[in-house]
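Have a look at the structure below, then the notes.
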Amino acid sequence: MKNITVLGTGVLGSQIAFQTAFHGFDVVAYDIDQPALDRAADRFRGLSARYTADGVAGAADGGADAAISRIRLSSDLADAARDADLIIEAVPENLELKQGIYRTLAETAPAKTIFATNSSTLLPSDIVDSTGRPDRFLALHFANEIWAHNTAEVMGTPATDPAVYAEVVEFAAQIGMVPIEIKKEKAGYLLNSLLVPFLQAGAELLVDGIAEPAAIDATWRIGTGAPKGPFEIYDIVGLTTAYNISRMGGEKQQRFADLLKEQYIDKGKLGIATGEGFYTYPRES
């Protein structure tokens, strides 16, 4: 693999693109319009600074700046896909949106191109019929703050070619990830199968009026020694993602989705990415 395309330049999509470019690959970062690409350019500059500040090996010696030079921005999906060896899709958690994108890619991407979804909740089997190439499609799921929490969960469908699966595992290692090979499809993969119930428990404590976010987070940090509580994690993940997932859940999760929309998203409070969510940033630890 030489040419990698990342679809979606939100919090995680921009990290995937930057991490891939940082490890020497040419990357096309796609988003829907120029304002979205302008925001992406700001994120890439921020990631360059973050890699340097966090002491990522090689970042301060020109590696972070070089990564930016390897990223080309595009708002034309056919253009973004035209030379791709691998397309990593990281668009919002909306099944119809993803299916529509893959139907377009099926017609525009070269026959060689492997498709990988970064979906955190949907199974690849939910999407595979839209891809036009079931043998060259699978899931490749990353954790947030990819340079530090460097897992890459690889999960195929029954139709995925084992050679394609192995090639994606190798690619994940090449960009500094620890490939996690999942034997069969599981909603939530490994990471979110553990994380989502934890976040949902925090959400339900809030919507039931048991305690406020700061008290819930403090209890978890103090009681377990963990670095962050559920609402601090929600801010990192992004409240739009939390909303999209929660609105598909049960009654309490739907109440949480309504709370997110009314009290935060509609007011532009989307988490760390916008400087305010459940907390205001920058924030003293």
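Chain lettering (A, B, ...) mirrors the order of the structure tokens, residue numbering begins at 1 for each chain separately, and ligand numbering begins at 1 in order of display.
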
Please identify the helix (DSSP H, G or I) residues within region 14-49 of chain A (assignment by DSSP from backbone atoms) and present them as a PDB file with N, CA, C and O atoms, in the first residue's frame.
ATOM      1  N   SER A  14      -9.334  12.874  11.260  1.00  0.00           N
ATOM      2  CA  SER A  14      -8.125  13.687  11.085  1.00  0.00           C
ATOM      3  C   SER A  14      -6.930  13.015  11.747  1.00  0.00           C
ATOM      4  O   SER A  14      -5.806  13.066  11.226  1.00  0.00           O
ATOM      5  N   GLN A  15      -7.152  12.351  12.881  1.00  0.00           N
ATOM      6  CA  GLN A  15      -6.050  11.643  13.539  1.00  0.00           C
ATOM      7  C   GLN A  15      -5.565  10.464  12.695  1.00  0.00           C
ATOM      8  O   GLN A  15      -4.358  10.222  12.590  1.00  0.00           O
ATOM      9  N   ILE A  16      -6.497   9.722  12.103  1.00  0.00           N
ATOM     10  CA  ILE A  16      -6.113   8.595  11.254  1.00  0.00           C
ATOM     11  C   ILE A  16      -5.284   9.089  10.072  1.00  0.00           C
ATOM     12  O   ILE A  16      -4.243   8.504   9.734  1.00  0.00           O
ATOM     13  N   ALA A  17      -5.740  10.155   9.440  1.00  0.00           N
ATOM     14  CA  ALA A  17      -5.009  10.703   8.295  1.00  0.00           C
ATOM     15  C   ALA A  17      -3.620  11.164   8.708  1.00  0.00           C
ATOM     16  O   ALA A  17      -2.622  10.880   8.031  1.00  0.00           O
ATOM     17  N   PHE A  18      -3.534  11.872   9.828  1.00  0.00           N
ATOM     18  CA  PHE A  18      -2.246  12.413  10.259  1.00  0.00           C
ATOM     19  C   PHE A  18      -1.290  11.297  10.670  1.00  0.00           C
ATOM     20  O   PHE A  18      -0.109  11.308  10.295  1.00  0.00           O
ATOM     21  N   GLN A  19      -1.778  10.323  11.436  1.00  0.00           N
ATOM     22  CA  GLN A  19      -0.929   9.210  11.863  1.00  0.00           C
ATOM     23  C   GLN A  19      -0.394   8.444  10.658  1.00  0.00           C
ATOM     24  O   GLN A  19       0.777   8.038  10.626  1.00  0.00           O
ATOM     25  N   THR A  20      -1.241   8.244   9.666  1.00  0.00           N
ATOM     26  CA  THR A  20      -0.831   7.534   8.461  1.00  0.00           C
ATOM     27  C   THR A  20       0.237   8.314   7.712  1.00  0.00           C
ATOM     28  O   THR A  20       1.265   7.750   7.287  1.00  0.00           O
ATOM     29  N   ALA A  21       0.034   9.618   7.551  1.00  0.00           N
ATOM     30  CA  ALA A  21       1.024  10.462   6.879  1.00  0.00           C
ATOM     31  C   ALA A  21       2.313  10.547   7.685  1.00  0.00           C
ATOM     32  O   ALA A  21       3.417  10.575   7.122  1.00  0.00           O
ATOM     33  N   PHE A  22       2.195  10.573   9.003  1.00  0.00           N
ATOM     34  CA  PHE A  22       3.367  10.657   9.871  1.00  0.00           C
ATOM     35  C   PHE A  22       4.279   9.455   9.670  1.00  0.00           C
ATOM     36  O   PHE A  22       5.499   9.549   9.835  1.00  0.00           O
ATOM     37  N   GLN A  34     -15.509  22.906   1.410  1.00  0.00           N
ATOM     38  CA  GLN A  34     -14.299  23.656   1.758  1.00  0.00           C
ATOM     39  C   GLN A  34     -14.252  24.076   3.222  1.00  0.00           C
ATOM     40  O   GLN A  34     -13.188  23.992   3.849  1.00  0.00           O
ATOM     41  N   PRO A  35     -15.364  24.542   3.811  1.00  0.00           N
ATOM     42  CA  PRO A  35     -15.287  24.859   5.252  1.00  0.00           C
ATOM     43  C   PRO A  35     -14.847  23.664   6.093  1.00  0.00           C
ATOM     44  O   PRO A  35     -14.076  23.824   7.047  1.00  0.00           O
ATOM     45  N   ALA A  36     -15.326  22.468   5.749  1.00  0.00           N
ATOM     46  CA  ALA A  36     -14.904  21.270   6.486  1.00  0.00           C
ATOM     47  C   ALA A  36     -13.418  21.013   6.289  1.00  0.00           C
ATOM     48  O   ALA A  36     -12.707  20.626   7.234  1.00  0.00           O
ATOM     49  N   LEU A  37     -12.924  21.242   5.073  1.00  0.00           N
ATOM     50  CA  LEU A  37     -11.488  21.049   4.813  1.00  0.00           C
ATOM     51  C   LEU A  37     -10.654  22.107   5.529  1.00  0.00           C
ATOM     52  O   LEU A  37      -9.534  21.819   5.972  1.00  0.00           O
ATOM     53  N   ASP A  38     -11.183  23.320   5.634  1.00  0.00           N
ATOM     54  CA  ASP A  38     -10.466  24.360   6.382  1.00  0.00           C
ATOM     55  C   ASP A  38     -10.319  23.957   7.849  1.00  0.00           C
ATOM     56  O   ASP A  38      -9.259  24.155   8.464  1.00  0.00           O
ATOM     57  N   ARG A  39     -11.384  23.390   8.400  1.00  0.00           N
ATOM     58  CA  ARG A  39     -11.310  22.906   9.787  1.00  0.00           C
ATOM     59  C   ARG A  39     -10.316  21.753   9.888  1.00  0.00           C
ATOM     60  O   ARG A  39      -9.585  21.635  10.881  1.00  0.00           O
ATOM     61  N   ALA A  40     -10.288  20.913   8.862  1.00  0.00           N
ATOM     62  CA  ALA A  40      -9.338  19.800   8.857  1.00  0.00           C
ATOM     63  C   ALA A  40      -7.905  20.308   8.869  1.00  0.00           C
ATOM     64  O   ALA A  40      -7.046  19.776   9.597  1.00  0.00           O
ATOM     65  N   ALA A  41      -7.621  21.335   8.069  1.00  0.00           N
ATOM     66  CA  ALA A  41      -6.266  21.896   8.035  1.00  0.00           C
ATOM     67  C   ALA A  41      -5.870  22.405   9.413  1.00  0.00           C
ATOM     68  O   ALA A  41      -4.719  22.226   9.846  1.00  0.00           O
ATOM     69  N   ASP A  42      -6.820  23.016  10.118  1.00  0.00           N
ATOM     70  CA  ASP A  42      -6.536  23.483  11.484  1.00  0.00           C
ATOM     71  C   ASP A  42      -6.248  22.287  12.400  1.00  0.00           C
ATOM     72  O   ASP A  42      -5.342  22.352  13.248  1.00  0.00           O
ATOM     73  N   ARG A  43      -7.016  21.207  12.238  1.00  0.00           N
ATOM     74  CA  ARG A  43      -6.790  20.024  13.074  1.00  0.00           C
ATOM     75  C   ARG A  43      -5.410  19.432  12.814  1.00  0.00           C
ATOM     76  O   ARG A  43      -4.725  19.000  13.742  1.00  0.00           O
ATOM     77  N   PHE A  44      -4.993  19.398  11.547  1.00  0.00           N
ATOM     78  CA  PHE A  44      -3.685  18.831  11.235  1.00  0.00           C
ATOM     79  C   PHE A  44      -2.572  19.674  11.850  1.00  0.00           C
ATOM     80  O   PHE A  44      -1.589  19.130  12.364  1.00  0.00           O
ATOM     81  N   ARG A  45      -2.721  20.982  11.817  1.00  0.00           N
ATOM     82  CA  ARG A  45      -1.713  21.837  12.467  1.00  0.00           C
ATOM     83  C   ARG A  45      -1.706  21.603  13.973  1.00  0.00           C
ATOM     84  O   ARG A  45      -0.642  21.553  14.604  1.00  0.00           O
ATOM     85  N   GLY A  46      -2.898  21.423  14.547  1.00  0.00           N
ATOM     86  CA  GLY A  46      -2.975  21.132  15.969  1.00  0.00           C
ATOM     87  C   GLY A  46      -2.361  19.790  16.319  1.00  0.00           C
ATOM     88  O   GLY A  46      -1.696  19.649  17.351  1.00  0.00           O
ATOM     89  N   LEU A  47      -2.558  18.801  15.450  1.00  0.00           N
ATOM     90  CA  LEU A  47      -1.967  17.485  15.693  1.00  0.00           C
ATOM     91  C   LEU A  47      -0.452  17.539  15.580  1.00  0.00           C
ATOM     92  O   LEU A  47       0.262  16.869  16.346  1.00  0.00           O
ATOM     93  N   SER A  48       0.054  18.319  14.641  1.00  0.00           N
ATOM     94  CA  SER A  48       1.504  18.482  14.528  1.00  0.00           C
ATOM     95  C   SER A  48       2.089  19.001  15.839  1.00  0.00           C
ATOM     96  O   SER A  48       3.092  18.477  16.350  1.00  0.00           O
ATOM     97  N   ALA A  49       1.426  20.012  16.409  1.00  0.00           N
ATOM     98  CA  ALA A  49       1.882  20.561  17.679  1.00  0.00           C
ATOM     99  C   ALA A  49       1.727  19.549  18.815  1.00  0.00           C
ATOM    100  O   ALA A  49       2.596  19.440  19.687  1.00  0.00           O
TER     101      ALA A  49
END

Would you list the contacts of region 263-266 of chain A as a tab-separated table (two decimals) with N, CA and C atoms, in the first residue's frame, taking every protein, DNA or RNA residue within 8 Å and counting only C-alpha atoms, but skipping same-chain residues closer than 3 positions in sequence?
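Contents of around_28.tsv, freshly written:
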chain	number	residue	atom	x	y	z
A	239	LEU	N	-19.51	15.09	21.40
A	239	LEU	CA	-20.90	14.91	21.80
A	239	LEU	C	-21.80	14.58	20.62
A	240	THR	N	-21.38	14.94	19.41
A	240	THR	CA	-22.17	14.55	18.23
A	240	THR	C	-22.14	13.04	18.06
A	259	LEU	N	-30.99	15.26	25.86
A	259	LEU	CA	-30.25	16.20	26.71
A	259	LEU	C	-29.03	16.74	25.98
A	260	LEU	N	-28.28	15.87	25.32
A	260	LEU	CA	-27.10	16.30	24.58
A	260	LEU	C	-27.47	17.34	23.52
A	269	LYS	N	-21.79	23.32	21.70
A	269	LYS	CA	-20.88	22.73	22.68
A	269	LYS	C	-20.72	21.24	22.33
A	270	LEU	N	-19.67	20.93	21.60
A	270	LEU	CA	-19.50	19.58	21.06
A	270	LEU	C	-18.40	18.79	21.73
A	277	GLY	N	-17.87	21.37	26.27
A	277	GLY	CA	-18.84	20.28	26.24
A	277	GLY	C	-19.41	20.19	27.63
A	278	PHE	N	-19.23	19.07	28.30
A	278	PHE	CA	-19.58	19.01	29.71
A	278	PHE	C	-18.65	19.89	30.53

Open item on the list: List as a list of chain:residue names the protein and nucleic acid residues near Arg103 (chain A), meaning an atom at most 8 Å away when only C-alpha atoms are counted, but skip any in the same chain fewer than 6 places from it.
Closed with: A:Ser130, A:Thr131, A:Gly132

Write to file, as a tab-separated table (two decimals), in the first residue's frame, the residues of the selection just made, with N, CA and C atoms.
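This went into selection.tsv:
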chain	number	residue	atom	x	y	z
A	130	SER	N	-23.36	-2.72	0.23
A	130	SER	CA	-23.26	-1.44	-0.49
A	130	SER	C	-21.89	-1.25	-1.14
A	131	THR	N	-20.95	-2.10	-0.84
A	131	THR	CA	-19.57	-1.84	-1.25
A	131	THR	C	-19.24	-2.30	-2.66
A	132	GLY	N	-19.98	-3.26	-3.17
A	132	GLY	CA	-19.68	-3.79	-4.49
A	132	GLY	C	-18.46	-4.67	-4.55

Open item on the list: I need the residue nearest Thr241 (chain A) from this list: A:Glu181, A:Ala173, A:Val11, A:Val28. Use only C-alpha atoms for the distance.
Closed with: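 Looking only at the distances to Thr241 (chain A), the closest residue turns out to be A:Val11.
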
With 10 Å as the cut-off and only C-alpha atoms counted, what is the closest atom pair between each nearby residue of region 169-266 of chain A and region 78-96 of chain A? Distances in Å to one decimal, ordered by chain and number, as JSON lines.
{"residue": "A:Phe171", "atom": "CA", "partner": "A:Leu86", "partner_atom": "CA", "distance": 9.5}
{"residue": "A:Thr240", "atom": "CA", "partner": "A:Pro92", "partner_atom": "CA", "distance": 8.6}
{"residue": "A:Thr241", "atom": "CA", "partner": "A:Glu93", "partner_atom": "CA", "distance": 7.0}
{"residue": "A:Ala242", "atom": "CA", "partner": "A:Glu93", "partner_atom": "CA", "distance": 9.6}
{"residue": "A:Tyr243", "atom": "CA", "partner": "A:Glu93", "partner_atom": "CA", "distance": 9.7}
{"residue": "A:Asn244", "atom": "CA", "partner": "A:Glu93", "partner_atom": "CA", "distance": 6.3}
{"residue": "A:Ile245", "atom": "CA", "partner": "A:Glu93", "partner_atom": "CA", "distance": 7.1}

For the residues selected in the previous step, produce a file with N, CA, C and O atoms as a PDB file, in the first residue's frame.
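Heads up, here's the output in result17.pdb:
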ATOM      1  N   PHE A 171      -0.690  -3.288   7.376  1.00  0.00           N
ATOM      2  CA  PHE A 171      -0.744  -1.828   7.256  1.00  0.00           C
ATOM      3  C   PHE A 171      -0.876  -1.180   8.634  1.00  0.00           C
ATOM      4  O   PHE A 171      -0.192  -0.194   8.937  1.00  0.00           O
ATOM      5  N   THR A 240     -21.378  14.941  19.406  1.00  0.00           N
ATOM      6  CA  THR A 240     -22.165  14.547  18.233  1.00  0.00           C
ATOM      7  C   THR A 240     -22.138  13.037  18.056  1.00  0.00           C
ATOM      8  O   THR A 240     -23.166  12.405  17.795  1.00  0.00           O
ATOM      9  N   THR A 241     -20.959  12.445  18.205  1.00  0.00           N
ATOM     10  CA  THR A 241     -20.857  10.989  18.133  1.00  0.00           C
ATOM     11  C   THR A 241     -21.671  10.343  19.251  1.00  0.00           C
ATOM     12  O   THR A 241     -22.397   9.363  19.018  1.00  0.00           O
ATOM     13  N   ALA A 242     -21.562  10.885  20.450  1.00  0.00           N
ATOM     14  CA  ALA A 242     -22.336  10.348  21.576  1.00  0.00           C
ATOM     15  C   ALA A 242     -23.834  10.432  21.300  1.00  0.00           C
ATOM     16  O   ALA A 242     -24.595   9.509  21.610  1.00  0.00           O
ATOM     17  N   TYR A 243     -24.260  11.531  20.708  1.00  0.00           N
ATOM     18  CA  TYR A 243     -25.681  11.704  20.367  1.00  0.00           C
ATOM     19  C   TYR A 243     -26.126  10.679  19.337  1.00  0.00           C
ATOM     20  O   TYR A 243     -27.173  10.029  19.495  1.00  0.00           O
ATOM     21  N   ASN A 244     -25.344  10.516  18.269  1.00  0.00           N
ATOM     22  CA  ASN A 244     -25.729   9.591  17.201  1.00  0.00           C
ATOM     23  C   ASN A 244     -25.865   8.160  17.713  1.00  0.00           C
ATOM     24  O   ASN A 244     -26.733   7.406  17.270  1.00  0.00           O
ATOM     25  N   ILE A 245     -24.997   7.790  18.642  1.00  0.00           N
ATOM     26  CA  ILE A 245     -25.065   6.440  19.212  1.00  0.00           C
ATOM     27  C   ILE A 245     -26.227   6.326  20.209  1.00  0.00           C
ATOM     28  O   ILE A 245     -27.004   5.377  20.175  1.00  0.00           O
TER      29      ILE A 245
END

TODO: Between A:Asp235, A:Tyr102, A:Leu138, A:Ala29, single out the one closest to Tyr281 (chain A), counting only C-alpha atoms.
DONE: A:Asp235

Open item on the list: Report, in Å to a single decimal, how far apart CA of Gln253 (chain A) and CA of Tyr279 (chain A) are.
Closed with: 20.4 Å

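Nearest to Pro179 (chain A) of all the residues A:Ile127, A:Thr151, A:Leu77, A:Leu191 is A:Thr151, based on only C-alpha atoms.
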
12 Å contact set for Lys228 (chain A), only C-alpha atoms, chain neighbours under 2 positions out, as a short mmCIF file (atom, residue, chain, number, x, y, z; two decimals) with all heavy atoms, in the first residue's frame:
data_model
loop_
_atom_site.label_atom_id
_atom_site.label_comp_id
_atom_site.auth_asym_id
_atom_site.auth_seq_id
_atom_site.Cartn_x
_atom_site.Cartn_y
_atom_site.Cartn_z
N PHE A 198 -19.87 1.35 30.13
CA PHE A 198 -19.38 2.27 31.15
C PHE A 198 -19.91 3.68 30.92
O PHE A 198 -20.42 4.34 31.83
CB PHE A 198 -17.84 2.25 31.13
CG PHE A 198 -17.17 3.37 31.87
CD1 PHE A 198 -17.28 3.47 33.25
CD2 PHE A 198 -16.42 4.32 31.20
CE1 PHE A 198 -16.66 4.50 33.94
CE2 PHE A 198 -15.79 5.35 31.86
CZ PHE A 198 -15.91 5.45 33.25
N LEU A 199 -19.83 4.15 29.67
CA LEU A 199 -20.33 5.49 29.35
C LEU A 199 -21.85 5.57 29.53
O LEU A 199 -22.37 6.58 30.04
CB LEU A 199 -19.96 5.86 27.92
CG LEU A 199 -18.46 6.00 27.62
CD1 LEU A 199 -18.25 6.35 26.15
CD2 LEU A 199 -17.81 7.05 28.51
N PRO A 213 -22.39 15.59 36.27
CA PRO A 213 -21.22 15.00 35.61
C PRO A 213 -19.93 15.10 36.42
O PRO A 213 -19.17 14.12 36.50
CB PRO A 213 -21.12 15.78 34.30
CG PRO A 213 -22.53 16.12 33.97
CD PRO A 213 -23.16 16.44 35.31
N ALA A 214 -19.67 16.26 37.03
CA ALA A 214 -18.41 16.42 37.76
C ALA A 214 -18.32 15.45 38.93
O ALA A 214 -17.25 14.90 39.22
CB ALA A 214 -18.25 17.85 38.24
N ILE A 216 -19.90 12.50 39.19
CA ILE A 216 -19.78 11.15 38.64
C ILE A 216 -18.34 10.89 38.22
O ILE A 216 -17.76 9.84 38.54
CB ILE A 216 -20.76 10.96 37.47
CG1 ILE A 216 -22.21 11.08 37.96
CG2 ILE A 216 -20.53 9.61 36.79
CD1 ILE A 216 -23.23 11.22 36.86
N ASP A 217 -17.75 11.85 37.52
CA ASP A 217 -16.37 11.70 37.07
C ASP A 217 -15.41 11.59 38.24
O ASP A 217 -14.50 10.75 38.26
CB ASP A 217 -15.97 12.87 36.17
CG ASP A 217 -16.58 12.78 34.78
OD1 ASP A 217 -17.11 11.72 34.42
OD2 ASP A 217 -16.53 13.79 34.05
N ALA A 218 -15.59 12.47 39.23
CA ALA A 218 -14.69 12.46 40.39
C ALA A 218 -14.76 11.14 41.13
O ALA A 218 -13.73 10.59 41.57
CB ALA A 218 -15.02 13.62 41.32
N THR A 219 -15.96 10.60 41.27
CA THR A 219 -16.12 9.32 41.96
C THR A 219 -15.34 8.22 41.25
O THR A 219 -14.65 7.41 41.89
CB THR A 219 -17.61 8.95 42.03
OG1 THR A 219 -18.31 9.96 42.74
CG2 THR A 219 -17.81 7.61 42.72
N TRP A 220 -15.44 8.19 39.92
CA TRP A 220 -14.74 7.15 39.17
C TRP A 220 -13.22 7.33 39.26
O TRP A 220 -12.49 6.36 39.47
CB TRP A 220 -15.19 7.18 37.71
CG TRP A 220 -14.57 6.07 36.90
CD1 TRP A 220 -13.58 6.17 35.97
CD2 TRP A 220 -14.90 4.68 36.97
NE1 TRP A 220 -13.26 4.95 35.46
CE2 TRP A 220 -14.06 4.01 36.06
CE3 TRP A 220 -15.81 3.95 37.72
CZ2 TRP A 220 -14.11 2.63 35.87
CZ3 TRP A 220 -15.86 2.57 37.54
CH2 TRP A 220 -15.01 1.93 36.63
N ARG A 221 -12.75 8.58 39.12
CA ARG A 221 -11.30 8.81 39.18
C ARG A 221 -10.74 8.46 40.55
O ARG A 221 -9.72 7.77 40.66
CB ARG A 221 -10.98 10.28 38.85
CG ARG A 221 -11.24 10.69 37.41
CD ARG A 221 -10.55 12.02 37.11
NE ARG A 221 -10.82 13.01 38.14
CZ ARG A 221 -11.84 13.86 38.12
NH1 ARG A 221 -12.71 13.83 37.13
NH2 ARG A 221 -12.02 14.73 39.09
N ILE A 222 -11.39 8.96 41.59
CA ILE A 222 -10.86 8.75 42.93
C ILE A 222 -10.99 7.29 43.35
O ILE A 222 -10.08 6.69 43.93
CB ILE A 222 -11.59 9.66 43.94
CG1 ILE A 222 -11.32 11.13 43.60
CG2 ILE A 222 -11.16 9.35 45.37
CD1 ILE A 222 -12.24 12.11 44.33
N GLY A 223 -12.13 6.68 43.01
CA GLY A 223 -12.39 5.32 43.47
C GLY A 223 -11.61 4.25 42.74
O GLY A 223 -11.41 3.16 43.28
N THR A 224 -11.17 4.54 41.51
CA THR A 224 -10.48 3.50 40.73
C THR A 224 -9.05 3.86 40.34
O THR A 224 -8.29 3.00 39.92
CB THR A 224 -11.25 3.20 39.43
OG1 THR A 224 -11.17 4.36 38.56
CG2 THR A 224 -12.70 2.86 39.70
N GLY A 225 -8.70 5.14 40.43
CA GLY A 225 -7.39 5.57 39.96
C GLY A 225 -7.34 5.80 38.46
O GLY A 225 -6.28 6.08 37.90
N ALA A 226 -8.49 5.68 37.80
CA ALA A 226 -8.55 5.93 36.36
C ALA A 226 -8.31 7.41 36.08
O ALA A 226 -8.65 8.27 36.90
CB ALA A 226 -9.90 5.50 35.81
N PRO A 230 -16.56 9.20 32.89
CA PRO A 230 -17.33 9.05 31.65
C PRO A 230 -17.59 10.35 30.90
O PRO A 230 -17.54 10.37 29.66
CB PRO A 230 -18.63 8.39 32.12
CG PRO A 230 -18.70 8.62 33.59
CD PRO A 230 -17.29 8.66 34.05
N PHE A 231 -17.86 11.44 31.61
CA PHE A 231 -18.20 12.67 30.91
C PHE A 231 -16.96 13.36 30.35
O PHE A 231 -17.03 14.04 29.31
CB PHE A 231 -19.02 13.59 31.81
CG PHE A 231 -20.34 12.97 32.16
CD1 PHE A 231 -20.51 12.26 33.34
CD2 PHE A 231 -21.41 13.05 31.28
CE1 PHE A 231 -21.71 11.65 33.64
CE2 PHE A 231 -22.62 12.44 31.57
CZ PHE A 231 -22.78 11.73 32.75
N GLU A 232 -15.82 13.16 30.99
CA GLU A 232 -14.57 13.62 30.40
C GLU A 232 -14.27 12.85 29.11
O GLU A 232 -13.79 13.42 28.13
CB GLU A 232 -13.44 13.44 31.42
CG GLU A 232 -13.58 14.38 32.61
CD GLU A 232 -12.68 13.97 33.77
OE1 GLU A 232 -12.77 12.83 34.25
OE2 GLU A 232 -11.88 14.84 34.21
N ILE A 233 -14.61 11.56 29.11
CA ILE A 233 -14.42 10.76 27.90
C ILE A 233 -15.41 11.17 26.83
O ILE A 233 -15.06 11.27 25.64
CB ILE A 233 -14.55 9.26 28.23
CG1 ILE A 233 -13.41 8.83 29.15
CG2 ILE A 233 -14.53 8.42 26.95
CD1 ILE A 233 -13.53 7.42 29.66
N TYR A 234 -16.65 11.46 27.21
CA TYR A 234 -17.63 11.94 26.22
C TYR A 234 -17.10 13.19 25.51
O TYR A 234 -17.25 13.34 24.29
CB TYR A 234 -18.95 12.28 26.90
CG TYR A 234 -19.90 11.13 27.07
CD1 TYR A 234 -20.44 10.82 28.33
CD2 TYR A 234 -20.31 10.34 25.99
CE1 TYR A 234 -21.34 9.77 28.50
CE2 TYR A 234 -21.20 9.30 26.15
CZ TYR A 234 -21.71 9.02 27.41
OH TYR A 234 -22.59 7.98 27.57
N ASP A 235 -16.50 14.10 26.25
CA ASP A 235 -15.97 15.32 25.63
C ASP A 235 -14.85 15.01 24.64
O ASP A 235 -14.70 15.70 23.63
CB ASP A 235 -15.46 16.28 26.71
CG ASP A 235 -16.55 17.15 27.29
OD1 ASP A 235 -17.70 17.09 26.80
OD2 ASP A 235 -16.26 17.91 28.24
N ILE A 236 -14.05 14.00 24.94
CA ILE A 236 -12.98 13.61 24.03
C ILE A 236 -13.55 12.96 22.77
O ILE A 236 -13.18 13.29 21.65
CB ILE A 236 -11.99 12.66 24.73
CG1 ILE A 236 -11.24 13.39 25.84
CG2 ILE A 236 -11.00 12.07 23.73
CD1 ILE A 236 -10.43 12.47 26.74
N SER A 285 -6.05 20.23 35.14
CA SER A 285 -6.28 18.85 35.61
C SER A 285 -6.52 18.83 37.10
O SER A 285 -6.21 19.77 37.81
CB SER A 285 -5.06 17.99 35.26
OG SER A 285 -3.92 18.51 35.86
#

TODO: Would you mind telling me which residue in A:Gln254, A:Ser125, A:Ser119, A:Asn3 lies nearest to Glu153 (chain A) when using only C-alpha atoms?
DONE: A:Ser119

Task: Using only C-alpha atoms: which of A:Ile146, A:Leu73, A:Val27, A:Ala109 has the shortest distance to Met1 (chain A) - done: A:Val27

Kindly provide the residues of region 108-160 of chain A that approach region 52-72 of chain A to within 12 Å, each paired with its closest atom pair and their distance in Å to one decimal, based on only C-alpha atoms, listed by chain and increasing number, as a Markdown table.
| residue | atom | partner | partner_atom | distance |
| --- | --- | --- | --- | --- |
| A:Glu145 | CA | A:Asp54 | CA | 11.0 |
| A:Ile146 | CA | A:Val56 | CA | 11.4 |
| A:Trp147 | CA | A:Val56 | CA | 7.6 |
| A:Ala148 | CA | A:Val56 | CA | 8.6 |

Could you write out the selected residues, including N, CA and C atoms, as a compact mmCIF listing (two decimals), in the first residue's frame?
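The resulting file, result-v3.txt, is shown below:
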# COMPACT_ATOMS: atom_id res chain seq x y z
N GLU A 145 -7.13 9.64 20.25
CA GLU A 145 -5.73 9.94 20.56
C GLU A 145 -4.87 8.77 20.09
N ILE A 146 -4.95 8.56 18.80
CA ILE A 146 -4.43 7.38 18.11
C ILE A 146 -2.93 7.19 18.32
N TRP A 147 -2.19 8.29 18.47
CA TRP A 147 -0.73 8.19 18.63
C TRP A 147 -0.35 7.61 20.00
N ALA A 148 -1.24 7.72 20.98
CA ALA A 148 -0.96 7.21 22.33
C ALA A 148 -1.73 5.92 22.61

TODO: Excluding region 156-163 of chain A and residues on its chain fewer than 6 positions from it, collect all residues at most 6 Å away from it, counting only C-alpha atoms, and give them as a ChimeraX atom specification.
DONE: /A:134-136,138

TODO: Identify, on the basis of only C-alpha atoms, every residue whose closest approach to Asp208 (chain A) does not exceed 12 Å; exclude the query and any residue fewer than 3 positions from it along the same chain; express the result as a ChimeraX atom specification.
DONE: /A:200-205,211-212,251-253,255-256,259

Task: Members of region 23-270 of chain A assigned strand (DSSP E or B) by DSSP, as number ranges by chain - done: A: 26-30, 71-74, 86-89, 114-117, 137-142, 151-155, 178-181
